[in-house]
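Student: Before anything else, here's the structure in question.
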Amino acid sequence: MSDAPDEIAETSLPTPESVQPESTPQPPAEAEAAAEAPAPAALVVCPACATVNDPDAKYCEECGTQLGELVEVSADRDTADDAPAEADEATSSTAAPRRACVYCGGSIADDGYCELCGKPAQSERDHWQEAPAAWVGGVCDRGIRHEINEDAMALAADPQVGEFAVLVVCDGVSSTPGSDKASLAAARAATAILEAGRVTDLADGHGDEYAQARWSGRMLEAGERASAAIYEAIGELAARTNPPSCTFAAAVIDGPLVVVGGVGDSRVYWIADEGKSRQLTTDDSWSQEMMAHGMSRQQAENAPQAHSITRWLGADSPDEVPHVVPTYPTGAGWILVCSDGLWNYCSDADDLSQLVHRVVGSVGTNPVQVASALVDWANEQGGQDNITAALARFDSVVPTSARPA
Amino acid sequence: MAEFTASVFQNEFLSDGATDVHAIVTVTVAGAGQAGQGQGMAAGEIIIVDTSGSMTGENLGAAKHAASVAVDQILDGTWFAVISGTDTAARAFPYPNARLPMVQMEPGARAAAKQAIAAFQPSGGTAMGTWLTLARELFQATPQATQRHAILLTDGKNEHESAQALSQAIYNATGVFQCDARGVGSRWQVDELRQIATALLGTVDLIAKPADMAADFESIIKQSMGRGVASADLRVWAPQGSEVLFVRQVAPTVEDLTTRKTMVNPLTGSYPTGSWGDESRDYHVAVRVASKPVGSEQLAARVQLTVRDEVVASGLVKARWSNDDALTARIDPAVAHYTGQTELASAIQDGLAAKAAGDAATATVKLGRAVQLAAETGNDEATAKLRKVVEIDDANEGTVRLRRDVAKLDEMALDTASTKTTRVRK
């Protein structure tokens with residue numbers, strides 16, 4: 001814990017690389033896999049509303065719940081277990097280092113605004129990134145026009161390239177207040193369930209013939225758990241006429257198999273290095289239905305009702321069962337899970353593929369940097385909505401340990 | 001312990017491309033306590049009375065009585081002195097041959113001071129700069145009196161001193177003590193006393209009838225004794241790349257503070273506001289910031305009150321860009337009200353100046369606008385005073401006619417009252 005404050009002072013964006021959802025205990029194998037990357041910044045997750053808080057916060061910045069007694073989540077398993085309350089006391093008794101303004105580098109005053117340029121301190125929710133392994137990363141951003149970030153994501157991955165990864169993106173419906181709580185709770189709960197569904201020892205040594213069926217079942221369960229998590233997070237908001245709700249888009253990479261699930265209009269794309277890229281999920285939206293009836297994409301996606309979704313997760317949802325699609329992509333490329341804040345500016349799979357290749361050409365193949373560049377590009381187009389992009393590098397010829405001999 | 005609050009009134013929404021942010025900041029002090037009660041702090045009061053040859057009969061009698069009443073209001077323990085002013089300044093109490101420049105109030109001193117006042121004789125001319133200079137010297141020779149205030153009474157023009165000499169004396173006294181200035185009769189110059197009061201963070205007013213003098217002095221000294229916060233500054237921070245257009249006090253009186261600014265750091269200006277009792281003052285702050293895209297938010301200003309370099313109250317003036325016309329078109333009622341009050345003060349002063357210069361046409365237009373603004377903003381005191389100078393045909397349209405025989409006093413009353421504002425009706 002001693003190097004945590006330095007980390008905060010250096011970079012204005014603490015990276016929650018090892019944030020574990022509070023609702024499900026992890027078996028050590030999964031936890032180790034997910035928490036492998038060194039994560040000096042240990043963030044505290046609020047038990048009531050799942051908001052990510054500063055390590056030295058005593059009360060949740062979102063809902064005010066006291067945080068002191070919580071076990072601090074940290075990759076450093078030794079210190080996390082013993083005397084967490086004391087550790088919290090120690091950090092809070094020393095002066096918290098001044099936060100740096102993300103726009104100009106000046107320091108943030110006690111009133112929450114920068115002392116140099118006057119911009120408000122960016123809440124962590126406004127822009128954050130996750131990189132559970134070197135080949136998986138994502139960025140979640142508020143965009144420009146919206147006041148809060150109702151997008152959320154939760155990522156997990158095995159350090160071994162191509163072995164196993166979970167990418168979940170949830171986009172809170174902005175016409176319902178509290179959707180930011182819903183999306184974060186849903187994404188984290190879904191990732192936890194999907195991670196726990198990984199089977200690493202196959203006693204008989206054969207390939208897993210039942211992987212597709214197993215993952216389909218898991219994906220449905222993830223949808224259910226995500227929905228339950230929403231209820232828990234929003235409390236009495238569930239009784240409102242327009243209760244908080246969100247979309248759901250998930251991709252599980254289990255060796256050569258990719259299983260995607262979705263509810264709503266967040267999407268998973270297969271971006272091939274060479275050959276045909278394609279959208280793996282199907283939107284539950286008005287424009288999708290129009291396109292199914294023959295309307296052109298251009299017309300359907302620019303119509304005034306284009307952003308109406310027909311299914312979502314939330315208390316008033318008509319149908320929360322994810323649409324599940326298993327696939328074995330061939331060749332090398334990227335699995336991209338994103339919210340409409342990105343694909344609104346680049347909907348067609350071929351166009352998006354060109355964009356990703358252009359970005360990779362300029363920033364390289366680090367998934368967090370690629371995601372960051374895609375978010376920047378979306379903001380340059382206008383940033384009309386919250387933007388999330390999560391990427392995993394995929395290569396069907398990379399050998400993995402779980403393959404049949 | 002004194003409690004300080006700062007409240008901000010503004011419409012923070014700006015349309016796409018807009019740059020100017022206006023806000024009214026109300027600073028309130030409560031529980032200030034009495035002057036000189038703070039640790040190691042003592043108050044100092046000087047009473048300056050015009051004893052020039054023109055102060056005859058009724059005026060001098062009333063002045064002596066008023067000065068005695070003022071002496072009664074000075075609390076025990078306060079350092080004080082009395083100056084009689086002519087074309088030179090003489091210290092009437094402590095006696096001219098006394099060792100100390102000022103003495104602390106106690107029953108014996110009080111009685112002796114009143115005797116000295118009773119012995120005033122009118123003779124000589126008027127050079128107010130010399131009075132201010134003597135007061136400054138007395139205060140500077142009494143460093144233990146840290147909260148310093150004077151009251152100055154005159155009845156005539158500053159004839160025995162050049163304008164530069166008066167300005168220089170005022171400049172030297174600025175920041176050393178606060179001064180409230182009063183004029184009795186109709187031969188004194190409003191702008192001369194206004195120059196003193198503005199620089200020395202005090203008020204200027206006209207005493208219409210000599211009999212009113214005592215009550216006025218009593219309330220001035222009482223107010224000064226009730227100012228438990230010796231000295232506070234208003235600080236305005238604006239972000240890098242922005243420009244503070246102006247900082248004005250708009251209630252209880254209009255004062256443009258912009259010229260009093262000293263920079264505390266490259267982004268923050270400090271404006272002295274003198275001492276505070278339990279009271280509330282409103283400030284109008286305007287900042288020009290670079291326009292940002294719709295959806296952006298930033299601070300346009302931090303407005304703070306500081307006492308001995310410590311921030312005791314803080315208000316945030318925000319800017320948020322929006323393309324929702326319903327939000328951006330609104331003008332905050334306090335901002336609108338005080339913008340009107342400031343314009344009212346200018347209209348009155350410009351109108352009277354035009355009238356004095358013989359430009360009846362301009363005077364009619366300006367005073368007509370003043371009548372219109374006074375009616376709109378419910379400033380009944382201003383309306384009543386305007387009525388003595390113009391015939392009001394239609395207050396809402398602002399149609400007026402200059403009166404032929406306006407009593408000089410009525411014009412002066414309008415001039416001195418021009419900077420008094422009404423508070424916005426909440």
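Here, A, B, ... name the chains of the structure tokens in the order displayed, residue numbers run from 1 inside each chain, and ligands are numbered from 1 in the same displayed order.
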Please produce, as a tab-separated table, a per-residue contact table for chain A versus chain B (criterion: any atom at most 12 Å away, only C-alpha atoms considered), showing the nearest atom pair and its distance in Å to one decimal, sorted by chain then residue number.

Tutor:
```
residue	atom	partner	partner_atom	distance
A:Tyr103	CA	B:Gln298	CA	11.2
A:Cys104	CA	B:Gln240	CA	10.3
A:Gly106	CA	B:Gln240	CA	10.7
A:Ile108	CA	B:Leu299	CA	11.9
A:Ala109	CA	B:Arg302	CA	10.9
A:Asp110	CA	B:Ser314	CA	11.1
A:Asp111	CA	B:Leu316	CA	8.5
A:Gly112	CA	B:Leu299	CA	10.0
A:Tyr113	CA	B:Leu299	CA	7.0
A:Cys114	CA	B:Leu299	CA	8.3
A:Glu115	CA	B:Pro239	CA	7.4
A:Leu116	CA	B:Pro239	CA	5.6
A:Cys117	CA	B:Pro239	CA	4.8
A:Gly118	CA	B:Leu299	CA	4.6
A:Lys119	CA	B:Gln298	CA	4.3
A:Pro120	CA	B:Gln298	CA	5.9
A:Ala121	CA	B:Gln298	CA	9.6
A:Gln122	CA	B:Glu297	CA	11.0
A:Arg142	CA	B:Gly295	CA	11.0
A:Gly143	CA	B:Gly295	CA	9.6
A:Ile144	CA	B:Gly295	CA	6.2
A:Arg145	CA	B:Gly295	CA	4.7
A:His146	CA	B:Gly295	CA	6.7
A:Glu147	CA	B:Gly295	CA	7.1
A:Ile148	CA	B:Gly295	CA	10.6
A:Asn379	CA	B:Pro293	CA	11.6
A:Glu380	CA	B:Pro293	CA	11.6
A:Gly382	CA	B:Pro293	CA	9.7
A:Gly383	CA	B:Gly295	CA	10.0
A:Gln384	CA	B:Gly295	CA	9.6
A:Asp385	CA	B:Gly295	CA	11.1
```

Student: What would the file look like if the residues just selected were written as a PDB file, in the first residue's frame with N, CA and C atoms?

Tutor:
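Wrote again.pdb, looks like this:
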```pdb
ATOM      1  N   TYR A 103      -6.907  18.036 -17.744  1.00  0.00           N
ATOM      2  CA  TYR A 103      -6.904  18.871 -18.945  1.00  0.00           C
ATOM      3  C   TYR A 103      -5.623  19.661 -19.068  1.00  0.00           C
ATOM      4  N   CYS A 104      -5.120  20.183 -17.915  1.00  0.00           N
ATOM      5  CA  CYS A 104      -3.972  21.079 -18.029  1.00  0.00           C
ATOM      6  C   CYS A 104      -2.828  20.701 -17.111  1.00  0.00           C
ATOM      7  N   GLY A 106      -2.667  21.161 -13.910  1.00  0.00           N
ATOM      8  CA  GLY A 106      -2.641  21.929 -12.664  1.00  0.00           C
ATOM      9  C   GLY A 106      -3.220  21.093 -11.532  1.00  0.00           C
ATOM     10  N   ILE A 108      -5.937  20.161  -8.459  1.00  0.00           N
ATOM     11  CA  ILE A 108      -7.351  20.356  -8.163  1.00  0.00           C
ATOM     12  C   ILE A 108      -7.484  20.944  -6.761  1.00  0.00           C
ATOM     13  N   ALA A 109      -8.204  22.047  -6.631  1.00  0.00           N
ATOM     14  CA  ALA A 109      -8.403  22.670  -5.316  1.00  0.00           C
ATOM     15  C   ALA A 109      -9.432  21.888  -4.514  1.00  0.00           C
ATOM     16  N   ASP A 110      -9.578  22.241  -3.246  1.00  0.00           N
ATOM     17  CA  ASP A 110     -10.522  21.544  -2.381  1.00  0.00           C
ATOM     18  C   ASP A 110     -11.960  21.651  -2.866  1.00  0.00           C
ATOM     19  N   ASP A 111     -12.263  22.687  -3.660  1.00  0.00           N
ATOM     20  CA  ASP A 111     -13.646  22.822  -4.119  1.00  0.00           C
ATOM     21  C   ASP A 111     -13.931  21.963  -5.342  1.00  0.00           C
ATOM     22  N   GLY A 112     -12.957  21.122  -5.773  1.00  0.00           N
ATOM     23  CA  GLY A 112     -13.226  20.187  -6.860  1.00  0.00           C
ATOM     24  C   GLY A 112     -12.947  20.743  -8.247  1.00  0.00           C
ATOM     25  N   TYR A 113     -12.406  21.949  -8.344  1.00  0.00           N
ATOM     26  CA  TYR A 113     -12.077  22.528  -9.648  1.00  0.00           C
ATOM     27  C   TYR A 113     -10.580  22.808  -9.712  1.00  0.00           C
ATOM     28  N   CYS A 114     -10.067  22.827 -10.949  1.00  0.00           N
ATOM     29  CA  CYS A 114      -8.626  23.048 -11.131  1.00  0.00           C
ATOM     30  C   CYS A 114      -8.238  24.469 -10.740  1.00  0.00           C
ATOM     31  N   GLU A 115      -7.050  24.615 -10.148  1.00  0.00           N
ATOM     32  CA  GLU A 115      -6.585  25.933  -9.720  1.00  0.00           C
ATOM     33  C   GLU A 115      -6.020  26.753 -10.865  1.00  0.00           C
ATOM     34  N   LEU A 116      -5.833  26.096 -12.019  1.00  0.00           N
ATOM     35  CA  LEU A 116      -5.227  26.818 -13.131  1.00  0.00           C
ATOM     36  C   LEU A 116      -6.255  27.124 -14.212  1.00  0.00           C
ATOM     37  N   CYS A 117      -6.974  26.079 -14.666  1.00  0.00           N
ATOM     38  CA  CYS A 117      -7.872  26.267 -15.800  1.00  0.00           C
ATOM     39  C   CYS A 117      -9.344  26.260 -15.403  1.00  0.00           C
ATOM     40  N   GLY A 118      -9.667  25.919 -14.157  1.00  0.00           N
ATOM     41  CA  GLY A 118     -11.052  25.980 -13.700  1.00  0.00           C
ATOM     42  C   GLY A 118     -11.923  24.802 -14.101  1.00  0.00           C
ATOM     43  N   LYS A 119     -11.358  23.814 -14.806  1.00  0.00           N
ATOM     44  CA  LYS A 119     -12.172  22.666 -15.195  1.00  0.00           C
ATOM     45  C   LYS A 119     -12.478  21.816 -13.958  1.00  0.00           C
ATOM     46  N   PRO A 120     -13.667  21.187 -13.956  1.00  0.00           N
ATOM     47  CA  PRO A 120     -13.972  20.349 -12.792  1.00  0.00           C
ATOM     48  C   PRO A 120     -13.078  19.113 -12.776  1.00  0.00           C
ATOM     49  N   ALA A 121     -12.788  18.621 -11.557  1.00  0.00           N
ATOM     50  CA  ALA A 121     -11.998  17.406 -11.439  1.00  0.00           C
ATOM     51  C   ALA A 121     -12.766  16.280 -12.098  1.00  0.00           C
ATOM     52  N   GLN A 122     -12.078  15.540 -12.908  1.00  0.00           N
ATOM     53  CA  GLN A 122     -12.772  14.466 -13.599  1.00  0.00           C
ATOM     54  C   GLN A 122     -13.046  13.345 -12.605  1.00  0.00           C
ATOM     55  N   ARG A 142     -16.762   9.358 -20.918  1.00  0.00           N
ATOM     56  CA  ARG A 142     -18.034  10.074 -20.851  1.00  0.00           C
ATOM     57  C   ARG A 142     -18.454  10.692 -22.174  1.00  0.00           C
ATOM     58  N   GLY A 143     -17.471  10.918 -23.088  1.00  0.00           N
ATOM     59  CA  GLY A 143     -17.798  11.630 -24.315  1.00  0.00           C
ATOM     60  C   GLY A 143     -17.833  13.127 -24.004  1.00  0.00           C
ATOM     61  N   ILE A 144     -18.425  13.906 -24.900  1.00  0.00           N
ATOM     62  CA  ILE A 144     -18.429  15.352 -24.709  1.00  0.00           C
ATOM     63  C   ILE A 144     -19.790  15.884 -24.288  1.00  0.00           C
ATOM     64  N   ARG A 145     -20.853  15.426 -24.940  1.00  0.00           N
ATOM     65  CA  ARG A 145     -22.154  16.049 -24.733  1.00  0.00           C
ATOM     66  C   ARG A 145     -22.855  15.620 -23.459  1.00  0.00           C
ATOM     67  N   HIS A 146     -22.587  14.422 -22.993  1.00  0.00           N
ATOM     68  CA  HIS A 146     -23.310  13.951 -21.810  1.00  0.00           C
ATOM     69  C   HIS A 146     -22.639  14.411 -20.534  1.00  0.00           C
ATOM     70  N   GLU A 147     -23.458  14.631 -19.498  1.00  0.00           N
ATOM     71  CA  GLU A 147     -22.899  15.128 -18.244  1.00  0.00           C
ATOM     72  C   GLU A 147     -22.307  14.033 -17.393  1.00  0.00           C
ATOM     73  N   ILE A 148     -22.861  12.833 -17.463  1.00  0.00           N
ATOM     74  CA  ILE A 148     -22.260  11.735 -16.699  1.00  0.00           C
ATOM     75  C   ILE A 148     -22.024  10.555 -17.625  1.00  0.00           C
ATOM     76  N   ASN A 379     -14.669  11.037 -29.954  1.00  0.00           N
ATOM     77  CA  ASN A 379     -14.840  12.386 -29.394  1.00  0.00           C
ATOM     78  C   ASN A 379     -14.592  13.448 -30.444  1.00  0.00           C
ATOM     79  N   GLU A 380     -13.642  13.166 -31.338  1.00  0.00           N
ATOM     80  CA  GLU A 380     -13.391  14.131 -32.412  1.00  0.00           C
ATOM     81  C   GLU A 380     -14.579  14.244 -33.346  1.00  0.00           C
ATOM     82  N   GLY A 382     -17.499  14.234 -32.381  1.00  0.00           N
ATOM     83  CA  GLY A 382     -18.545  14.984 -31.693  1.00  0.00           C
ATOM     84  C   GLY A 382     -18.826  14.479 -30.292  1.00  0.00           C
ATOM     85  N   GLY A 383     -18.484  13.220 -30.004  1.00  0.00           N
ATOM     86  CA  GLY A 383     -18.671  12.714 -28.648  1.00  0.00           C
ATOM     87  C   GLY A 383     -20.097  12.871 -28.133  1.00  0.00           C
ATOM     88  N   GLN A 384     -21.075  12.569 -29.005  1.00  0.00           N
ATOM     89  CA  GLN A 384     -22.472  12.783 -28.632  1.00  0.00           C
ATOM     90  C   GLN A 384     -22.952  11.868 -27.525  1.00  0.00           C
ATOM     91  N   ASP A 385     -22.271  10.783 -27.298  1.00  0.00           N
ATOM     92  CA  ASP A 385     -22.736   9.819 -26.309  1.00  0.00           C
ATOM     93  C   ASP A 385     -21.529   9.326 -25.529  1.00  0.00           C
TER      94      ASP A 385
END
```

Student: Might you pull out every residue within 7 Å of region 178-186 of chain B, with only C-alpha atoms counted and same-chain residues fewer than 3 positions away left off, and present them as an NGL selection string?

Tutor: :B and (148-155 or 193 or 197 or 200-208 or 210 or 274 or 408-409)

Student: Just how far from CA of Leu352 (chain A) is CA of Val260 (chain A), in Å to one decimal?

Tutor: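 Straight-line distance from CA of Val260 (chain A) to CA of Leu352 (chain A) works out to 18.3 Å.
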
Student: Could you write out, as a PDB file with C-alpha atoms, in the first residue's frame, all the residues of region 127-288 of chain A that DSSP marks as strand (DSSP E or B)?

Tutor:
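Saved the output as result_1.pdb:
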```pdb
ATOM      1  CA  HIS A 127     -12.746   8.191 -18.054  1.00  0.00           C
ATOM      2  CA  TRP A 128     -11.076   4.973 -17.046  1.00  0.00           C
ATOM      3  CA  GLN A 129      -9.217   2.075 -18.568  1.00  0.00           C
ATOM      4  CA  GLU A 130      -8.692  -1.561 -17.721  1.00  0.00           C
ATOM      5  CA  ALA A 131      -5.952  -3.920 -18.883  1.00  0.00           C
ATOM      6  CA  PRO A 132      -6.336  -7.300 -17.202  1.00  0.00           C
ATOM      7  CA  ALA A 133      -3.599  -8.747 -19.444  1.00  0.00           C
ATOM      8  CA  VAL A 136      -6.875  -7.420 -23.499  1.00  0.00           C
ATOM      9  CA  GLY A 137      -7.759  -3.818 -22.710  1.00  0.00           C
ATOM     10  CA  GLY A 138     -10.567  -1.294 -22.779  1.00  0.00           C
ATOM     11  CA  VAL A 139     -11.384   2.367 -22.276  1.00  0.00           C
ATOM     12  CA  CYS A 140     -14.674   3.806 -20.988  1.00  0.00           C
ATOM     13  CA  ASP A 141     -15.300   7.522 -21.524  1.00  0.00           C
ATOM     14  CA  ASP A 151     -21.418   3.368 -19.890  1.00  0.00           C
ATOM     15  CA  ALA A 152     -19.557   0.692 -17.958  1.00  0.00           C
ATOM     16  CA  MET A 153     -17.282  -2.193 -18.729  1.00  0.00           C
ATOM     17  CA  ALA A 154     -15.711  -5.120 -16.897  1.00  0.00           C
ATOM     18  CA  LEU A 155     -12.828  -7.109 -18.319  1.00  0.00           C
ATOM     19  CA  ALA A 156     -10.954 -10.201 -17.213  1.00  0.00           C
ATOM     20  CA  ALA A 157      -8.212 -12.235 -18.895  1.00  0.00           C
ATOM     21  CA  PHE A 164      -9.170 -16.963 -21.875  1.00  0.00           C
ATOM     22  CA  ALA A 165     -10.824 -13.579 -21.652  1.00  0.00           C
ATOM     23  CA  VAL A 166     -14.139 -11.956 -20.755  1.00  0.00           C
ATOM     24  CA  LEU A 167     -15.181  -8.570 -22.107  1.00  0.00           C
ATOM     25  CA  VAL A 168     -18.492  -7.040 -21.022  1.00  0.00           C
ATOM     26  CA  VAL A 169     -19.854  -3.609 -21.945  1.00  0.00           C
ATOM     27  CA  CYS A 170     -23.111  -2.174 -20.590  1.00  0.00           C
ATOM     28  CA  ASP A 171     -24.590   1.126 -21.743  1.00  0.00           C
ATOM     29  CA  GLY A 172     -26.990   2.788 -19.293  1.00  0.00           C
ATOM     30  CA  SER A 245     -31.756   0.102 -17.331  1.00  0.00           C
ATOM     31  CA  CYS A 246     -28.851  -0.732 -19.584  1.00  0.00           C
ATOM     32  CA  PHE A 248     -25.521  -5.802 -22.349  1.00  0.00           C
ATOM     33  CA  ALA A 249     -22.836  -6.984 -24.753  1.00  0.00           C
ATOM     34  CA  ALA A 250     -20.418  -9.732 -23.764  1.00  0.00           C
ATOM     35  CA  ALA A 251     -17.694 -11.749 -25.431  1.00  0.00           C
ATOM     36  CA  VAL A 252     -16.016 -14.786 -23.921  1.00  0.00           C
ATOM     37  CA  ILE A 253     -12.826 -16.040 -25.548  1.00  0.00           C
ATOM     38  CA  ASP A 254     -12.081 -19.618 -24.578  1.00  0.00           C
ATOM     39  CA  LEU A 257     -14.028 -20.410 -29.331  1.00  0.00           C
ATOM     40  CA  VAL A 258     -15.661 -17.014 -29.038  1.00  0.00           C
ATOM     41  CA  VAL A 259     -19.129 -16.835 -27.521  1.00  0.00           C
ATOM     42  CA  VAL A 260     -20.970 -13.530 -27.666  1.00  0.00           C
ATOM     43  CA  GLY A 261     -24.176 -12.513 -25.969  1.00  0.00           C
ATOM     44  CA  GLY A 262     -26.224  -9.366 -26.192  1.00  0.00           C
ATOM     45  CA  VAL A 263     -29.323  -7.499 -25.140  1.00  0.00           C
ATOM     46  CA  ARG A 267     -22.136  -4.616 -30.132  1.00  0.00           C
ATOM     47  CA  VAL A 268     -19.385  -7.211 -30.551  1.00  0.00           C
ATOM     48  CA  TYR A 269     -17.414  -7.148 -33.777  1.00  0.00           C
ATOM     49  CA  TRP A 270     -14.856  -9.533 -35.230  1.00  0.00           C
ATOM     50  CA  ILE A 271     -12.231  -7.270 -36.844  1.00  0.00           C
ATOM     51  CA  ALA A 272     -10.107  -9.490 -39.080  1.00  0.00           C
ATOM     52  CA  ARG A 278     -18.304  -8.860 -39.257  1.00  0.00           C
ATOM     53  CA  GLN A 279     -20.677  -7.773 -36.531  1.00  0.00           C
ATOM     54  CA  SER A 285     -33.309  -1.944 -31.833  1.00  0.00           C
TER      55      SER A 285
END
```

Student: Just to confirm, what's the straight-line distance from CA of Ser107 (chain A) to CA of Glu243 (chain B) in Å (one decimal)?

Tutor: 20.7 Å

Student: Taking into account only C-alpha atoms, which residue in the set B:Gly156, B:Gly124, B:Gly129, B:Gly33 is nearest to Asn59 (chain B)?

Tutor: B:Gly156

Student: For a quick check of understanding, using only C-alpha atoms, which of A:Asp283, A:Ala238, A:Glu301, A:Pro322 has the smallest distance to Ala190 (chain A)?

Tutor: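 Checking each of A:Asp283, A:Ala238, A:Glu301, A:Pro322 against Ala190 (chain A), counting only C-alpha atoms, the winner is A:Pro322.
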
Student: Could you give me, as a PyMOL selection string, the residues within 8 Å of Arg188 (chain A), counting only C-alpha atoms and dropping anything in the same chain fewer than 2 positions from it?

Tutor: chain A and resi 20-21+153-154+184-186+190-192+226

Student: Write the selection just made, keeping C-alpha atoms, as an mmCIF file, in the first residue's frame?

Tutor:
```
data_model
loop_
_atom_site.group_PDB
_atom_site.id
_atom_site.type_symbol
_atom_site.label_atom_id
_atom_site.label_comp_id
_atom_site.auth_asym_id
_atom_site.auth_seq_id
_atom_site.Cartn_x
_atom_site.Cartn_y
_atom_site.Cartn_z
ATOM 1 C CA GLN A 20 -12.985 -7.579 -8.286
ATOM 2 C CA PRO A 21 -16.762 -7.351 -8.174
ATOM 3 C CA MET A 153 -17.282 -2.193 -18.729
ATOM 4 C CA ALA A 154 -15.711 -5.120 -16.897
ATOM 5 C CA LEU A 184 -21.680 -0.737 -13.624
ATOM 6 C CA ALA A 185 -23.360 -3.334 -11.415
ATOM 7 C CA ALA A 186 -24.506 -5.357 -14.423
ATOM 8 C CA ALA A 190 -21.732 -10.588 -15.626
ATOM 9 C CA THR A 191 -17.953 -10.712 -15.830
ATOM 10 C CA ALA A 192 -17.738 -12.454 -12.476
ATOM 11 C CA ALA A 226 -26.516 -8.925 -14.321
#
```

Student: Take CA of Val161 (chain A) and CA of Ala213 (chain A) and report the distance between them in Å, one decimal.

Tutor: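 The value is 23.7 Å.
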
Student: So that I can check the surroundings of Ala62 (chain B), please list as an MDAnalysis selection string every protein, DNA and RNA residue that reaches within 9 Å of it, counting only C-alpha atoms and ignoring chain neighbours fewer than 3 positions away.

Tutor: chainID B and resid 57:59 65:67 210:214

Student: Near Ala112 (chain B), within 12 Å and counting only C-alpha atoms, which residues show up once chain neighbours fewer than 2 positions away are dropped, as a list of chain:residue names?

Tutor: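 Those residues are B:Ser68, B:Val71, B:Asp72, B:Ala81, B:Val82, B:Ala92, B:Phe93, B:Pro94, B:Tyr95, B:Val103, B:Met105, B:Glu106, B:Pro107, B:Gly108, B:Ala109, B:Arg110, B:Lys114, B:Gln115, B:Ala116, B:Ile117, B:Ala118, B:Ala119.
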
Student: Only N, CA and C atoms, please: the residues just picked out, written as a short mmCIF file (atom, residue, chain, number, x, y, z; two decimals), in the first residue's frame.

Tutor:
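This went into part.cif:
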```cif
data_model
loop_
_atom_site.label_atom_id
_atom_site.label_comp_id
_atom_site.auth_asym_id
_atom_site.auth_seq_id
_atom_site.Cartn_x
_atom_site.Cartn_y
_atom_site.Cartn_z
N SER B 68 -19.83 65.73 20.34
CA SER B 68 -19.96 65.21 21.71
C SER B 68 -20.70 63.89 21.74
N VAL B 71 -18.39 61.24 20.65
CA VAL B 71 -17.46 60.87 21.71
C VAL B 71 -18.13 59.92 22.69
N ASP B 72 -19.39 60.15 22.98
CA ASP B 72 -20.13 59.26 23.88
C ASP B 72 -20.22 57.86 23.34
N ALA B 81 -9.02 60.60 19.11
CA ALA B 81 -8.55 61.99 19.09
C ALA B 81 -9.61 62.82 18.41
N VAL B 82 -9.54 64.14 18.61
CA VAL B 82 -10.46 65.06 17.95
C VAL B 82 -9.62 66.11 17.22
N ALA B 92 -7.40 68.97 18.65
CA ALA B 92 -8.08 69.61 19.77
C ALA B 92 -7.99 68.74 21.02
N PHE B 93 -8.02 67.42 20.82
CA PHE B 93 -7.87 66.51 21.95
C PHE B 93 -7.18 65.25 21.47
N PRO B 94 -6.21 64.68 22.12
CA PRO B 94 -5.58 65.19 23.34
C PRO B 94 -5.06 66.62 23.13
N TYR B 95 -4.97 67.36 24.19
CA TYR B 95 -4.59 68.76 24.09
C TYR B 95 -3.31 68.91 23.27
N VAL B 103 -5.27 59.04 22.89
CA VAL B 103 -5.42 58.40 24.20
C VAL B 103 -6.56 57.41 24.15
N MET B 105 -10.01 55.76 25.45
CA MET B 105 -11.24 56.31 26.02
C MET B 105 -11.46 55.77 27.43
N GLU B 106 -11.76 56.66 28.33
CA GLU B 106 -12.21 56.32 29.68
C GLU B 106 -12.91 57.57 30.20
N PRO B 107 -13.66 57.45 31.28
CA PRO B 107 -14.54 58.57 31.67
C PRO B 107 -13.84 59.93 31.75
N GLY B 108 -12.64 59.96 32.30
CA GLY B 108 -11.95 61.24 32.40
C GLY B 108 -11.63 61.82 31.05
N ALA B 109 -11.15 60.97 30.15
CA ALA B 109 -10.81 61.43 28.80
C ALA B 109 -12.06 61.90 28.09
N ARG B 110 -13.15 61.16 28.29
CA ARG B 110 -14.40 61.52 27.63
C ARG B 110 -14.82 62.93 28.02
N LYS B 114 -14.89 66.39 25.59
CA LYS B 114 -16.10 67.19 25.37
C LYS B 114 -15.85 68.65 25.69
N GLN B 115 -15.03 68.87 26.69
CA GLN B 115 -14.70 70.26 27.02
C GLN B 115 -13.94 70.91 25.86
N ALA B 116 -13.00 70.16 25.30
CA ALA B 116 -12.21 70.69 24.18
C ALA B 116 -13.13 71.01 23.01
N ILE B 117 -14.09 70.14 22.76
CA ILE B 117 -15.03 70.36 21.66
C ILE B 117 -15.86 71.62 21.91
N ALA B 118 -16.30 71.77 23.15
CA ALA B 118 -17.13 72.94 23.48
C ALA B 118 -16.38 74.24 23.23
N ALA B 119 -15.05 74.17 23.25
CA ALA B 119 -14.25 75.38 23.09
C ALA B 119 -13.95 75.72 21.64
#
```

Student: So, with only C-alpha atoms as the atoms that count, which of B:Ala42, B:Ala141, B:Val287, B:Val390 lies closest to Asp410 (chain B)?

Tutor: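 Under the stated criterion, the closest residue is B:Val390.
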
Student: Would you list the contacts of Ser347 (chain A) as a ChimeraX atom specification, taking every protein, DNA or RNA residue within 10 Å and counting only C-alpha atoms, but skipping same-chain residues closer than 2 positions in sequence?

Tutor: /A:267,279,297-298,301,340,342-345,349-352
